[in-house]
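> Input structure-v2.txt, format and content: compact mmCIF, C-alpha atoms.
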# COMPACT_ATOMS: atom_id res chain seq x y z
CA MET B 1 9.40 16.37 -14.67
CA PRO B 2 12.50 14.14 -14.66
CA ARG B 3 11.75 10.76 -16.23
CA ILE B 4 13.22 7.48 -14.92
CA LYS B 5 12.90 4.25 -16.88
CA LEU B 6 12.86 1.41 -14.35
CA SER B 7 12.30 -1.43 -16.81
CA ASP B 8 11.03 -2.05 -20.34
CA GLU B 9 7.51 -1.79 -18.91
CA ILE B 10 7.68 0.82 -16.15
CA THR B 11 8.49 4.53 -16.17
CA VAL B 12 8.23 7.01 -13.30
CA HIS B 13 8.44 10.79 -13.19
CA THR B 14 9.81 12.64 -10.19
CA PHE B 15 8.96 16.20 -9.19
CA PRO B 16 11.19 19.29 -9.03
CA LYS B 17 12.30 20.48 -5.63
CA PRO B 18 10.17 23.40 -4.44
CA PRO B 19 11.86 26.73 -3.75
CA LYS B 20 13.13 27.59 -0.30
CA ASN B 21 10.38 28.60 2.15
CA PHE B 22 7.72 27.08 -0.11
CA ASP B 23 4.39 26.98 1.76
CA PRO B 24 1.82 24.55 0.35
CA LEU B 25 -0.88 26.11 2.54
CA LYS B 26 -0.55 29.35 0.56
CA SER B 27 -0.15 27.77 -2.89
CA ASP B 28 -2.74 27.41 -5.63
CA GLU B 29 -3.63 24.05 -7.20
CA LYS B 30 -1.39 24.57 -10.24
CA THR B 31 1.66 25.23 -8.06
CA LEU B 32 0.88 22.27 -5.80
CA ALA B 33 0.66 20.01 -8.86
CA ARG B 34 3.96 21.31 -10.26
CA TYR B 35 5.86 20.27 -7.12
CA GLY B 36 3.93 17.06 -6.62
CA PHE B 37 1.93 17.98 -3.53
CA PRO B 38 -1.51 16.42 -3.11
CA SER B 39 -4.33 18.83 -3.86
CA ARG B 40 -6.62 20.18 -1.17
CA PRO B 41 -9.54 17.80 -0.63
CA GLU B 42 -13.05 19.17 -0.92
CA ASP B 43 -14.34 17.13 2.00
CA PRO B 44 -14.03 19.33 5.13
CA LYS B 45 -12.61 16.56 7.37
CA LEU B 46 -10.07 15.50 4.76
CA ALA B 47 -9.17 19.14 4.13
CA ALA B 48 -8.48 19.65 7.85
CA ARG B 49 -6.17 16.62 7.84
CA TRP B 50 -4.41 17.89 4.70
CA GLU B 51 -3.75 21.23 6.38
CA ALA B 52 -2.47 19.53 9.53
CA VAL B 53 -0.01 17.40 7.51
CA MET B 54 1.14 20.23 5.24
CA SER B 55 1.76 22.48 8.25
CA ARG B 56 4.31 19.97 9.61
CA GLY B 57 6.84 20.94 6.99
CA VAL B 58 7.17 17.46 5.49
CA ARG B 59 10.61 16.90 3.93
CA PHE B 60 10.30 15.29 0.49
CA ILE B 61 13.33 13.45 -0.83
CA ALA B 62 13.98 12.34 -4.42
CA PRO B 63 13.24 8.59 -4.51
CA GLN B 64 15.73 6.01 -5.68
CA PHE B 65 14.47 2.68 -6.99
CA ARG B 66 15.74 -0.87 -7.24
CA ALA B 67 13.97 -3.85 -8.77
CA MET B 68 13.06 -6.71 -6.42
CA PRO B 69 12.98 -9.77 -8.72
CA TYR B 70 13.39 -12.19 -5.81
CA LYS B 71 9.96 -11.21 -4.46
CA ARG B 72 6.93 -12.41 -6.39
CA ARG B 73 3.46 -10.96 -6.05
CA ARG B 74 0.31 -12.23 -7.67
CA LEU B 75 -3.41 -11.67 -7.50
CA PRO B 76 -5.21 -13.70 -4.83
CA GLN B 77 -7.46 -16.66 -5.35
CA ALA B 78 -10.56 -15.16 -3.73
CA SER B 79 -13.93 -16.52 -2.68
CA ALA B 80 -17.25 -14.72 -3.04
CA ALA B 81 -18.29 -12.59 -0.08
CA GLU B 82 -20.41 -14.20 2.61
CA HIS B 83 -21.89 -11.94 5.28
CA GLY B 84 -19.24 -9.30 4.60
CA VAL B 85 -16.26 -11.69 4.78
CA GLU B 86 -14.10 -12.66 1.80
CA SER B 87 -11.37 -15.30 1.84
CA THR B 88 -8.12 -15.44 -0.13
CA ASP B 89 -4.93 -17.48 -0.05
CA ILE B 90 -2.49 -14.54 0.25
CA TRP B 91 -4.33 -11.33 1.26
CA SER B 92 -6.02 -10.29 4.52
CA GLY B 93 -7.54 -6.99 5.64
CA ALA B 94 -10.47 -5.11 4.12
CA VAL B 95 -11.86 -4.17 0.71
CA VAL B 96 -14.49 -1.74 -0.55
CA HIS B 97 -16.10 -2.32 -3.92
CA ALA B 98 -16.98 0.56 -6.22
CA PRO B 99 -20.67 1.36 -6.72
CA ALA B 100 -22.14 0.45 -10.09
CA GLY B 101 -21.10 2.93 -12.76
CA ASP B 102 -18.33 4.41 -10.60
CA SER B 103 -14.61 3.72 -10.05
CA PHE B 104 -11.96 4.48 -7.44
CA ARG B 105 -9.57 7.34 -8.14
CA TRP B 106 -7.64 7.50 -4.87
CA VAL B 107 -6.95 5.49 -1.72
CA GLU B 108 -5.06 6.15 1.50
CA GLY B 109 -4.22 4.54 4.82
CA THR B 110 -2.01 5.05 7.87
CA TRP B 111 -0.45 2.21 9.87
CA THR B 112 2.45 1.21 12.11
CA VAL B 113 4.98 -1.06 10.41
CA PRO B 114 5.14 -4.37 12.29
CA ASN B 115 8.15 -6.35 13.41
CA ALA B 116 8.21 -9.82 11.83
CA TYR B 117 8.85 -13.03 13.75
CA PRO B 118 9.07 -16.61 12.50
CA PRO B 119 5.75 -18.46 12.90
CA GLY B 120 5.46 -21.46 15.18
CA ASN B 121 6.01 -23.90 12.32
CA ALA B 122 8.96 -21.97 10.82
CA GLU B 123 11.74 -23.79 8.99
CA ASP B 124 15.34 -22.64 8.81
CA LEU B 125 16.49 -20.81 5.66
CA VAL B 126 12.93 -19.88 4.63
CA TRP B 127 11.80 -16.27 4.33
CA TYR B 128 8.48 -15.36 5.99
CA SER B 129 6.78 -12.06 5.11
CA ALA B 130 4.11 -9.65 6.28
CA SER B 131 3.67 -7.06 3.53
CA THR B 132 1.52 -4.09 4.57
CA TRP B 133 0.03 -1.92 1.84
CA VAL B 134 -2.91 -0.04 0.35
CA GLY B 135 -4.02 -0.27 -3.26
CA ILE B 136 -6.62 -0.11 -6.00
CA ASP B 137 -7.90 -3.14 -8.00
CA GLY B 138 -6.81 -6.76 -7.76
CA ILE B 139 -9.63 -8.66 -6.07
CA ASP B 140 -12.52 -8.07 -8.48
CA GLY B 141 -11.11 -9.71 -11.58
CA SER B 142 -9.49 -6.52 -12.85
CA GLY B 143 -6.20 -8.24 -13.73
CA ASP B 144 -4.14 -5.39 -12.29
CA VAL B 145 -3.39 -3.80 -8.91
CA LEU B 146 -1.71 -0.47 -8.12
CA GLN B 147 -0.20 -0.73 -4.65
CA ALA B 148 2.47 0.63 -2.30
CA GLY B 149 3.63 -0.15 1.23
CA CYS B 150 6.35 -1.89 3.21
CA ASP B 151 7.50 -5.51 3.52
CA SER B 152 8.50 -6.95 6.91
CA ASP B 153 10.49 -10.15 6.29
CA VAL B 154 12.17 -12.61 8.65
CA MET B 155 14.30 -15.76 8.29
CA ARG B 156 15.75 -18.07 10.92
CA PHE B 157 19.03 -19.89 10.34
CA PHE B 158 21.30 -21.87 12.68
CA GLY B 159 20.02 -20.16 15.81
CA PHE B 160 20.12 -16.64 14.34
CA THR B 161 17.27 -14.47 13.06
CA SER B 162 17.61 -12.17 10.05
CA ARG B 163 15.11 -9.38 9.29
CA GLN B 164 14.66 -6.89 6.47
CA LEU B 165 12.30 -4.00 5.81
CA ASN B 166 11.59 -2.85 2.25
CA PRO B 167 9.34 0.08 1.32
CA TRP B 168 8.10 -0.55 -2.22
CA TRP B 169 5.54 0.08 -4.93
CA GLU B 170 4.14 -1.94 -7.81
CA TRP B 171 1.70 -1.67 -10.70
CA PHE B 172 0.94 -5.36 -11.25
CA PRO B 173 1.50 -7.24 -13.54
CA ALA B 174 4.83 -5.40 -13.77
CA GLY B 175 7.46 -6.06 -11.10
CA THR B 176 8.02 -4.69 -7.62
CA PHE B 177 10.42 -1.78 -7.00
CA TRP B 178 12.07 -1.09 -3.67
CA ILE B 179 12.40 2.61 -2.74
CA SER B 180 15.94 2.15 -1.55
CA ASN B 181 16.67 5.55 0.05
CA PHE B 182 13.38 5.83 1.97
CA THR B 183 14.15 4.61 5.48
CA ILE B 184 11.49 2.82 7.52
CA SER B 185 12.04 1.04 10.83
CA GLN B 186 9.85 -1.34 12.80
CA GLY B 187 7.36 0.70 14.79
CA ASP B 188 7.38 3.69 12.43
CA THR B 189 4.00 5.08 11.44
CA VAL B 190 3.56 5.52 7.70
CA ASN B 191 0.89 6.94 5.44
CA CYS B 192 0.33 5.93 1.83
CA LEU B 193 -1.77 7.93 -0.61
CA ILE B 194 -2.32 6.87 -4.23
CA CYS B 195 -4.01 9.36 -6.58
CA VAL B 196 -4.92 8.49 -10.17
CA THR B 197 -4.29 11.37 -12.58
CA ALA B 198 -7.47 13.15 -13.66
CA GLY B 199 -8.69 11.87 -17.03
CA SER B 200 -6.25 8.92 -17.05
CA ASN B 201 -6.36 5.21 -16.18
CA THR B 202 -2.65 4.67 -16.83
CA GLU B 203 -0.99 7.28 -14.63
CA ALA B 204 -1.01 7.87 -10.87
CA THR B 205 0.98 9.66 -8.18
CA ILE B 206 2.17 7.67 -5.17
CA TYR B 207 2.98 9.30 -1.84
CA LEU B 208 4.70 7.43 1.01
CA TYR B 209 5.13 9.47 4.18
CA ASN B 210 7.01 8.34 7.30
CA LEU B 211 5.23 10.30 10.02
CA THR B 212 7.82 9.23 12.60
CA SER B 213 10.76 10.78 10.71
CA ASN B 214 8.67 13.44 8.87
CA ILE B 215 10.25 12.34 5.56
CA ALA B 216 8.27 11.48 2.42
CA VAL B 217 8.72 10.39 -1.18
CA HIS B 218 6.40 11.03 -4.11
CA PHE B 219 6.50 10.21 -7.80
CA MET B 220 4.21 9.68 -10.78
CA ALA B 221 4.02 6.13 -12.12
CA THR B 222 2.93 4.93 -15.54
CA ALA B 223 1.08 1.63 -15.98
CA PRO B 224 2.81 -1.24 -17.76
CA LYS B 225 2.01 -1.57 -21.45
CA GLY B 226 -1.43 -3.01 -22.06
CA THR B 227 -2.59 -2.34 -18.49
CA SER B 228 -5.08 0.25 -17.29
CA LEU B 229 -6.67 0.81 -13.92
CA VAL B 230 -10.23 -0.45 -13.61
CA GLY B 231 -10.92 1.08 -10.20
CA ASN B 232 -13.47 -1.49 -9.05
CA SER B 233 -11.96 -2.11 -5.60
CA ALA B 234 -9.75 -0.48 -2.97
CA GLU B 235 -7.87 -2.44 -0.28
CA TRP B 236 -5.95 -2.23 3.02
CA ILE B 237 -3.90 -5.39 3.18
CA VAL B 238 -1.42 -7.63 5.00
CA GLU B 239 -0.02 -10.06 2.39
CA ARG B 240 2.28 -13.06 2.41
CA LEU B 241 4.85 -13.24 -0.40
CA GLU B 242 6.79 -15.78 -2.35
CA ILE B 243 10.45 -14.91 -1.73
CA ASP B 244 13.20 -16.54 -3.79
CA THR B 245 11.87 -20.02 -4.63
CA ASN B 246 9.69 -20.50 -1.54
CA ALA B 247 5.92 -20.74 -1.56
CA PRO B 248 4.15 -17.71 -0.01
CA GLU B 249 4.81 -17.84 3.75
CA LEU B 250 3.31 -15.57 6.42
CA ALA B 251 5.44 -14.06 9.19
CA GLN B 252 4.10 -13.75 12.71
CA TYR B 253 3.35 -10.01 12.82
CA GLY B 254 0.88 -9.45 15.67
CA ASP B 255 -1.69 -6.78 14.74
CA VAL B 256 -1.76 -4.02 12.14
CA TYR B 257 -4.29 -1.19 12.39
CA PHE B 258 -5.03 0.74 9.20
CA SER B 259 -6.48 4.10 10.23
CA GLU B 260 -7.69 6.85 7.89
CA ALA B 261 -8.76 4.00 5.60
CA ASN B 262 -10.34 6.19 2.95
CA ALA B 263 -10.98 5.84 -0.78
CA GLY B 264 -12.61 8.20 -3.25
CA THR B 265 -14.40 7.61 -6.54
CA ALA B 266 -14.71 9.42 -9.85
CA LYS B 267 -18.15 10.64 -8.75
CA ALA B 268 -16.64 12.15 -5.59
CA LYS B 269 -18.05 9.46 -3.29
CA LEU B 270 -16.01 8.78 -0.14
CA LEU B 271 -15.91 5.12 0.94
CA GLN B 272 -14.11 3.94 4.08
CA GLY B 273 -12.48 0.58 4.74
CA GLY B 274 -14.67 -0.14 7.74
CA THR B 275 -17.81 0.04 5.60
CA GLY B 276 -16.64 -2.70 3.22
CA ASN B 277 -15.88 -6.41 3.51
CA THR B 278 -13.18 -7.97 5.63
CA ILE B 279 -10.69 -10.38 4.03
CA ASN B 280 -9.34 -13.47 5.79
CA MET B 281 -6.17 -15.26 4.66
CA VAL B 282 -6.79 -19.02 4.64
CA ASP B 283 -4.20 -21.82 4.52
CA GLY B 284 -5.31 -25.45 4.50
CA GLY B 285 -8.77 -24.47 5.70
CA ASN B 286 -7.41 -22.45 8.63
CA VAL B 287 -7.59 -18.66 8.95
CA ILE B 288 -4.01 -17.49 9.56
CA SER B 289 -4.61 -13.73 9.23
CA GLU B 290 -7.96 -12.10 9.96
CA GLY B 291 -9.50 -8.78 8.91
CA ILE B 292 -11.51 -7.06 11.66
CA ILE B 293 -13.58 -3.86 11.43
CA GLN B 294 -12.93 -1.49 14.34
CA ASN B 295 -15.01 1.40 13.01
CA ALA B 296 -15.76 3.10 9.69
CA SER B 297 -12.20 4.38 9.18
CA VAL B 298 -10.12 1.80 11.11
CA VAL B 299 -9.39 -1.75 9.98
CA GLU B 300 -7.47 -4.22 12.15
CA VAL B 301 -5.58 -7.13 10.62
CA LYS B 302 -4.65 -9.82 13.17
CA TYR B 303 -2.22 -12.72 12.91
CA THR B 304 -4.02 -15.96 13.83
CA GLY B 305 -1.52 -18.54 12.53
CA PRO B 306 0.90 -20.81 14.42
CA LEU B 307 2.59 -19.10 17.37
CA SER B 308 6.27 -19.48 18.19
Could the structure of this file be written out as structure tokens, please?


Amino acid sequence: MPRIKLSDEITVHTFPKPPKNFDPLKSDEKTLARYGFPSRPEDPKLAARWEAVMSRGVRFIAPQFRAMPYKRRRLPQASAAEHGVESTDIWSGAVVHAPAGDSFRWVEGTWTVPNAYPPGNAEDLVWYSASTWVGIDGIDGSGDVLQAGCDSDVMRFFGFTSRQLNPWWEWFPAGTFWISNFTISQGDTVNCLICVTAGSNTEATIYLYNLTSNIAVHFMATAPKGTSLVGNSAEWIVERLEIDTNAPELAQYGDVYFSEANAGTAKAKLLQGGTGNTINMVDGGNVISEGIIQNASVVEVKYTGPLS
């Protein structure tokens, strides 16, 4: 597999282009792995979804990456769960915690990318963000988080409004990398699947699929030096970011629904986002973004901050 060094800490491997008329539905597991296709799930419902997606003729493109040093991510300051609700200063959504003696090996979610608006208390020349993503680790004291998704950012200046959308991935504590040739627009529906390599805690394959355009990217990422995945939590999140020199600020984003909120463990246990805890984002004692369970596989995240 072609190897790309993104920084002193981070390396990714891309996959070879499959031959013309390649049909993943008729391929064995070894061939699927060679071309970077996710393997067939054993669970019958997940297998039916896999077949439905693979039959669409998804067009994979070779990803191009660019570092995003002006965006800073960190692990949240989280409270202990009370009645199924956890609170943090920067994350909101839902989390499932791994059973004792087990660890998460994959996570997925599907959502519609929101349009970002300045909140009611917005200041000029300040970036506000609503970063939507799925990931493993980060809220249980693991010290790392493997995550991928899309940032919706907005800034108001002199009567004008500027917006940007950035699909990205990160293996914290290393930096964030924008997938610069993977186009996402407001209102597009995307799916993210992260699969940890069998027998490894330092290697995983990331899939980002734009269902609206039927275009996807996939690549294998290596953990930064000294970091390994713990696998003690899986999340479906809307996050606020620190951009440039600003404190983390949340954009007004409306609602985000994470469907197909699934995560699997090393012992082949399937856990869904709606069976875990919700996470509320709190600022100054006020909930500004709320996690809401719709059903076992659907998590809603709702903006509850100042309205414009």

> Which of these residues is nearest to Ala148 of chain B, using all atoms listed in the file: B:His218, B:Lys20, B:His97, B:Arg59?

B:His218

> For a quick check of your reading of the model, name the residues lying within 7 Å of the coordinate (7.1, -5.4, 13.5), counting only C-alpha atoms, and write them as a list in words.

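Answer for this query, in the requested form: Val113, Pro114, Asn115, Ala116, Ser152, Gln186, Gly187 and Tyr253 of chain B.
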
> When you draw a straight line from atom CA of Gly291 of chain B to atom CA of Asp89 of chain B, how long is it in Å?

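Pair atom CA of Gly291 of chain B / atom CA of Asp89 of chain B returns 13.3 Å.
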
> Rank B:Ile139, B:Cys195, B:Val190, B:Ala98 by their smallest atom-to-atom distance to Thr112 of chain B, using only C-alpha atoms, and report the top residue only.

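Of B:Ile139, B:Cys195, B:Val190, B:Ala98, the one nearest Thr112 of chain B, counting only C-alpha atoms, is B:Val190.
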
> Show me, as a PyMOL selection string, the residues that have an atom within 7 Å of segment 157-173 of chain B when counting all atoms listed in the file, minus same-chain residues fewer than 5 positions from it.

chain B and resi 124-125+144-152+178-179+223

> Using all atoms listed in the file, determine which residues lie at most 9 Å from Val217 of chain B, disregarding the query and same-chain residues fewer than 2 positions distant; provide the list as a ChimeraX atom specification.

/B:59-63,179,182,206-210,215,219
